[in-house]
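In what follows, a single structure is set out as structure tokens and then discussed.
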Amino acid sequence: MRLSLKTKFTLTTSLVVLFVVALVSWLYVGRLANQVIRDINERATFVAHQVLGASGQALADSAERGETLNSDSVADLREYVQHSLDNSSALNSLLESAIGYAPTIYEITITDQAGKALVSSDASRRGRPIALYPNASLLARASFIQQLRILYGPPKVYQVTLPFDVSGAPFGEIRVDISTALLRDEISRGLESAAEVALIAVLAATLLAAVLSRVALAPLARISDQLDRISAGQFDVEPVGQTDELGQVSTKISNIGKQLRDVREVFSALRENLNHVMAGLEDGLLLFNADGRAVLASPSIEKFLGVLPSTILGRRAGEVFPKGNLVRDVLHLQGDRMQPIEDAELHLETPDGPRRVSLICQVISEKGEPMGTLLTLRDLESYERLGSQIQVSERLAALGRVTAGVAHEVKNPLNSMRVWLEVLKGNIPADVEGQQAVKMLDNEIDRLDRAVKTFLDFARPVEIDLSESDLPSLLNEILENARPAIAKAGVVLATQVPDRFPGVRMDRRLIHQAVLNLILNGCDAMGPGGQLTVKLVQHDDKAQISVSDTGKGISPENKNKIFQLFFTTRQGGTGIGLANTFRFVQLHNGSIEFESEVGRGTTFTIQLPLARTVETPVPHAGDAGLPSVQGKV
């Protein structure tokens with residue numbers, strides 16, 4: 001369980017006070033024990049002197065009463081002393097009162113030289129041998145630790161002894177016994193009072209520490225709230241209005257919050273721009289940090305790996321490319337470290353089928369230390385198609401520039417030739433051969449004039465009128481217009497056009513013409529019984545129109561020429577339809593692709609941006625009315 005700072009402060013203060021109280025109590029107990037032992041030793045010594053004096057007085061009283069000792073034998077002497085002590089009421093009263101005077105005195109005994117008790121505070125011990133115990137001065141002179149060990153160990157008895165002489169000759173001893181158990185009880189009473197004082201001191205210190213910690217740490221609660229608001233995105237927070245250290249910390253936190261706000265705004269703008277840039281990338285990008293964790297993944301990575309970019313972020317390289325993965329083998333992945341690769345080609349199984357993919361692995365370093373790894377996956381087939389279409393676009397643009405100039409140069413001579421031909425008609429004889437020659441020249445001039453007009457129409461900039469339109473209604477309109485041609489060709493029409501579809505900003509006239517050209521070409525490519533399929537689907541943020549036929553297909557040698565102006569394989573064809581379709585789609589920032597297999601048919605696919613993502617094109621881009629190439633063509 002985690003403790004709050006206030007609780008820690010209170011506990012620390014209480015523990016410090018407890019330590020101090022314990023130390024003081026320890027010293028107090030030591031002094032108390034030593035003092036009690038010294039006092040008891042002095043009391044026992046005092047009692048021993050009192051008993052000694054009372055014993056001498058008892059012998060003196062016997063002598064005054066005329067009781068004398070007529071024999072020199074030890075037994076008679078002992079009996080005489082025994083009788084004198086027994087008959088002394090003062091001595092007996094002293095023995096009884098001494099026990100009450102010093103509760104720690106266990107027993108008082110007067111012994112003879114043999115150690116047998118003459119008189120004792122315990123009457124049952126009279127005449128019995130009395131054991132010798134350690135002198136009480138040893139306990140008084142012992143160290144504090146030894147004293148406590150003795151007092152709180154097994155009960156022991158210590159003695160204070162004084163010699164007892166009769167007629168100037170040693171006769172016995174005065175023994176005062178002290179019990180450590182009684183001493184312990186005496187000290188324990190003092191310890192109980194000391195423990196009560198210590199407990200009261202600790203409780204008072206704890207209460208005081210709690211109050212002081214609450215007062216002292218109150219600004220921390222406001223600082224914590226300040227940090228919570230900053231972490232929640234509220235960066236403009238006022239600091240705590242104090243001038244102490246906590247106030248200074250709060251002011252610095254407030255300044256950091258303002259800096260974070262500025263950094264967040266910059267970061268948000270950079271992230272938005274980065275996401276916008278990455279959304280338009282066809283290449284799949286994966287950025288790993290120095291620990292091998294994915295920190296950035298472009299949206300296009302899904303079409304290569306078949307997983308959402310959001311599921312890749314935070315995972316290690318070994319998890320993104322597990323064992324058995326082809327990319328892992330190419331990268332020579334060791335743990336989460338990748339080897340740099342300039343360009344490796346591999347055939348990758350993707351959700352859309354097998355792809356030829358180019359793999360580039362760049363290790364990012366700073367001062368020789370690896371900072372991360374950038375992995376790039378590129379669809380080679382798309383790039384090759386893009387390069388081919390760019391070449392077509394460049395050729396069409398160049399052809400447009402040439403045809404514009406040539407058409408203007410040819411137009412004037414043709415006009416002059418027609419004028420002089422009319423003059424020639426009136427001046428030549430009316431024979432059949434001459435008139436036939438003039439008619440032939442007139443027809444050829446008309447054919448050249450039509451060709452020049454075609455050149456000029458193709459080279460002339462196209463004015464487009466963009467508006468948000470409904471593609472399903474447009475396709476139904478196109479199919480209705482093409483129905484006679486479809487019926488004449490004897491082909492079967494199959495459509496997959498939804499009733500509801502997102503809007504597309506387009507010029508209906510141009511898209512109408514572009515799709516109609518594909519439908520008519522498909523009808524011409526098939527014999528009776530063929531099938532023409534028109535389909536509309538949404539693919540990511542684009543509308544995808546596909547026109548498929550089951551005709552003879554396009555031969556490999558003609559695939560690179562299919563969009564060239566005047567290129568045609570159909571007898572009587574002009575070679576203008578697909579070129580115009582290509583140009584009209586480009587004007588809408590779209591793309592057109594085709595797939596064809598000889599003997600099985602061809603599918604043309606037009607992709608147009610949906611209304612929410614389309615960018616307004618430049619109507620007159622290029623010298624010959626062709627827009628600059630954008631996106632995949």
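Quick note on naming: the chains in the structure tokens go A, B, ... in the order shown, residues restart at 1 in each chain, and ligands are numbered from 1 in order of appearance.
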DSSP on the backbone, strand (DSSP E or B) only: what residues of stretch 120-361 of chain A does that give? Format it as a ChimeraX atom specification.
/A:120,129,135,157-166,169-179,284-289,293-297,316,334,337,341-350,353-361
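Those residues in stretch 111-170 of chain A carrying a DSSP assignment of helix (DSSP H, G or I), computed from the backbone, are Ala123, Ser124, Arg125, Ala136, Ser137, Leu138, Leu139, Ala140, Arg141, Phe144, Ile145, Gln146, Gln147, Leu148, Arg149, Ile150 and Leu151 of chain A.
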All residues 12 Å or closer to A:Asn87, only C-alpha atoms, same chain fewer than 2 positions away omitted, as a count of residues only
22
Can you tell me, as an MDAnalysis selection string, what residues are no more than 12 Å from A:Gly353 when counting only C-alpha atoms, ignoring any on the same chain fewer than 2 positions away?
chainID A and resid 303:306 347:351 355:357
Applying 8 Å and only C-alpha atoms, which residues near stretch 418-423 of chain A remain after dropping the ones on its own chain fewer than 4 positions away? List them as a list in words.
Leu414, Asn427, Val438, Asp442 and Ile445 of chain A
Env of stretch 553-560 of chain A: 8 Å cut, atoms = only C-alpha atoms, seq-sep filter 4 positions within chain, self excluded. Answer as a ChimeraX atom specification.
/A:388,392,525,596-602
Restricted to all heavy atoms, what would the selected residues look like written as a short mmCIF file (atom, residue, chain, number, x, y, z; two decimals), in the first residue's frame?
data_model
loop_
_atom_site.label_atom_id
_atom_site.label_comp_id
_atom_site.auth_asym_id
_atom_site.auth_seq_id
_atom_site.Cartn_x
_atom_site.Cartn_y
_atom_site.Cartn_z
N SER A 388 5.10 4.10 -66.76
CA SER A 388 4.58 3.96 -68.12
C SER A 388 3.56 5.03 -68.42
O SER A 388 3.57 5.65 -69.49
CB SER A 388 3.98 2.56 -68.28
OG SER A 388 3.37 2.43 -69.55
N VAL A 392 3.41 8.11 -71.13
CA VAL A 392 2.29 8.39 -72.04
C VAL A 392 1.86 9.85 -71.92
O VAL A 392 1.63 10.53 -72.92
CB VAL A 392 1.11 7.45 -71.71
CG1 VAL A 392 -0.14 7.86 -72.48
CG2 VAL A 392 1.48 6.01 -72.03
N ALA A 525 -14.69 -4.39 -79.27
CA ALA A 525 -13.67 -5.43 -79.08
C ALA A 525 -14.27 -6.82 -79.02
O ALA A 525 -13.53 -7.81 -79.01
CB ALA A 525 -12.86 -5.15 -77.80
N SER A 596 -5.27 -6.55 -69.07
CA SER A 596 -5.73 -7.24 -70.27
C SER A 596 -4.99 -8.56 -70.43
O SER A 596 -3.79 -8.65 -70.12
CB SER A 596 -5.52 -6.36 -71.50
OG SER A 596 -6.03 -6.99 -72.66
N GLU A 597 -5.72 -9.56 -70.90
CA GLU A 597 -5.14 -10.86 -71.19
C GLU A 597 -5.63 -11.28 -72.57
O GLU A 597 -6.84 -11.28 -72.83
CB GLU A 597 -5.56 -11.88 -70.14
CG GLU A 597 -4.88 -13.22 -70.30
CD GLU A 597 -5.23 -14.17 -69.18
OE1 GLU A 597 -5.83 -13.71 -68.18
OE2 GLU A 597 -4.91 -15.37 -69.31
N VAL A 598 -4.71 -11.56 -73.43
CA VAL A 598 -5.05 -11.89 -74.82
C VAL A 598 -5.99 -13.09 -74.84
O VAL A 598 -5.72 -14.12 -74.22
CB VAL A 598 -3.78 -12.18 -75.64
CG1 VAL A 598 -4.14 -12.63 -77.05
CG2 VAL A 598 -2.89 -10.95 -75.69
N GLY A 599 -7.11 -12.91 -75.56
CA GLY A 599 -8.09 -13.98 -75.71
C GLY A 599 -9.12 -14.03 -74.61
O GLY A 599 -10.09 -14.80 -74.70
N ARG A 600 -8.94 -13.23 -73.52
CA ARG A 600 -9.89 -13.30 -72.39
C ARG A 600 -10.56 -11.98 -72.09
O ARG A 600 -11.55 -11.94 -71.37
CB ARG A 600 -9.19 -13.83 -71.14
CG ARG A 600 -8.53 -15.18 -71.35
CD ARG A 600 -8.17 -15.84 -70.05
NE ARG A 600 -9.36 -16.12 -69.25
CZ ARG A 600 -9.32 -16.77 -68.09
NH1 ARG A 600 -8.18 -17.20 -67.62
NH2 ARG A 600 -10.43 -17.00 -67.43
N GLY A 601 -10.00 -10.88 -72.58
CA GLY A 601 -10.67 -9.61 -72.40
C GLY A 601 -9.82 -8.56 -71.69
O GLY A 601 -8.66 -8.80 -71.34
N THR A 602 -10.44 -7.39 -71.49
CA THR A 602 -9.75 -6.23 -70.93
C THR A 602 -10.66 -5.56 -69.90
O THR A 602 -11.88 -5.52 -70.07
CB THR A 602 -9.38 -5.23 -72.03
OG1 THR A 602 -8.60 -5.89 -73.02
CG2 THR A 602 -8.60 -4.06 -71.47
#
So that I can check the surroundings of A:Thr111, please list as a list in words every protein, DNA and RNA residue that reaches within 9 Å of it, counting only C-alpha atoms and ignoring chain neighbours fewer than 5 positions away.
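My reading of the contact set: Lys116, Ala117, Leu118, Val119, Ser120, Gly127, Pro129, Ile130, Phe164, Phe171, Gly172, Glu173, Ile174 and Arg175 of chain A.
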Using the selection just defined, write its residues with N, CA and C atoms as a JSON list (two decimals), in the first residue's frame.
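Below is the file result04.json, written as the result:
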[["chain", "number", "residue", "atom", "x", "y", "z"],
["A", 116, "LYS", "N", 24.71, -20.66, 61.66],
["A", 116, "LYS", "CA", 23.35, -21.02, 62.03],
["A", 116, "LYS", "C", 22.63, -19.80, 62.55],
["A", 117, "ALA", "N", 21.36, -19.74, 62.25],
["A", 117, "ALA", "CA", 20.57, -18.58, 62.61],
["A", 117, "ALA", "C", 20.26, -18.56, 64.10],
["A", 118, "LEU", "N", 20.63, -17.45, 64.79],
["A", 118, "LEU", "CA", 20.24, -17.23, 66.17],
["A", 118, "LEU", "C", 18.87, -16.55, 66.22],
["A", 119, "VAL", "N", 18.75, -15.49, 65.47],
["A", 119, "VAL", "CA", 17.50, -14.73, 65.38],
["A", 119, "VAL", "C", 17.28, -14.44, 63.89],
["A", 120, "SER", "N", 16.01, -14.53, 63.43],
["A", 120, "SER", "CA", 15.70, -14.25, 62.01],
["A", 120, "SER", "C", 14.30, -13.65, 61.90],
["A", 127, "GLY", "N", 18.02, -21.61, 64.22],
["A", 127, "GLY", "CA", 18.82, -22.80, 64.46],
["A", 127, "GLY", "C", 19.23, -23.52, 63.20],
["A", 129, "PRO", "N", 21.11, -23.70, 59.34],
["A", 129, "PRO", "CA", 22.21, -23.03, 58.63],
["A", 129, "PRO", "C", 21.65, -22.05, 57.57],
["A", 130, "ILE", "N", 22.29, -20.94, 57.49],
["A", 130, "ILE", "CA", 21.88, -19.89, 56.54],
["A", 130, "ILE", "C", 22.93, -19.81, 55.44],
["A", 164, "PHE", "N", 29.43, -9.57, 63.97],
["A", 164, "PHE", "CA", 28.79, -9.48, 65.29],
["A", 164, "PHE", "C", 29.78, -10.03, 66.33],
["A", 171, "PHE", "N", 31.86, -13.38, 67.00],
["A", 171, "PHE", "CA", 30.88, -14.40, 67.36],
["A", 171, "PHE", "C", 30.03, -14.84, 66.17],
["A", 172, "GLY", "N", 29.66, -13.89, 65.30],
["A", 172, "GLY", "CA", 28.78, -14.22, 64.16],
["A", 172, "GLY", "C", 28.63, -13.02, 63.20],
["A", 173, "GLU", "N", 27.52, -12.97, 62.50],
["A", 173, "GLU", "CA", 27.28, -11.92, 61.49],
["A", 173, "GLU", "C", 25.83, -11.45, 61.53],
["A", 174, "ILE", "N", 25.68, -10.19, 61.14],
["A", 174, "ILE", "CA", 24.35, -9.64, 60.88],
["A", 174, "ILE", "C", 24.15, -9.69, 59.36],
["A", 175, "ARG", "N", 23.15, -10.43, 58.91],
["A", 175, "ARG", "CA", 22.92, -10.59, 57.47],
["A", 175, "ARG", "C", 21.56, -10.01, 57.08]]
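Of the listed residues A:Arg264, A:Arg500, A:His332, A:Arg509, the one whose atoms come nearest to A:Asp470 is A:Arg500, with distances taken using only C-alpha atoms.
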note - atom CA of A:Ser548 and atom CA of A:Ala485 are separated by 15.8 Å
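Interatomic distance, atom CA of A:Thr495 to atom CA of A:Leu471: 13.4 Å.
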Which of these, A:Leu95, A:Leu151, A:Leu77, A:Ile486, has the shortest distance to A:Asn34 once you count only C-alpha atoms?
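Of the candidates, the smallest distance to A:Asn34 is held by A:Leu151.
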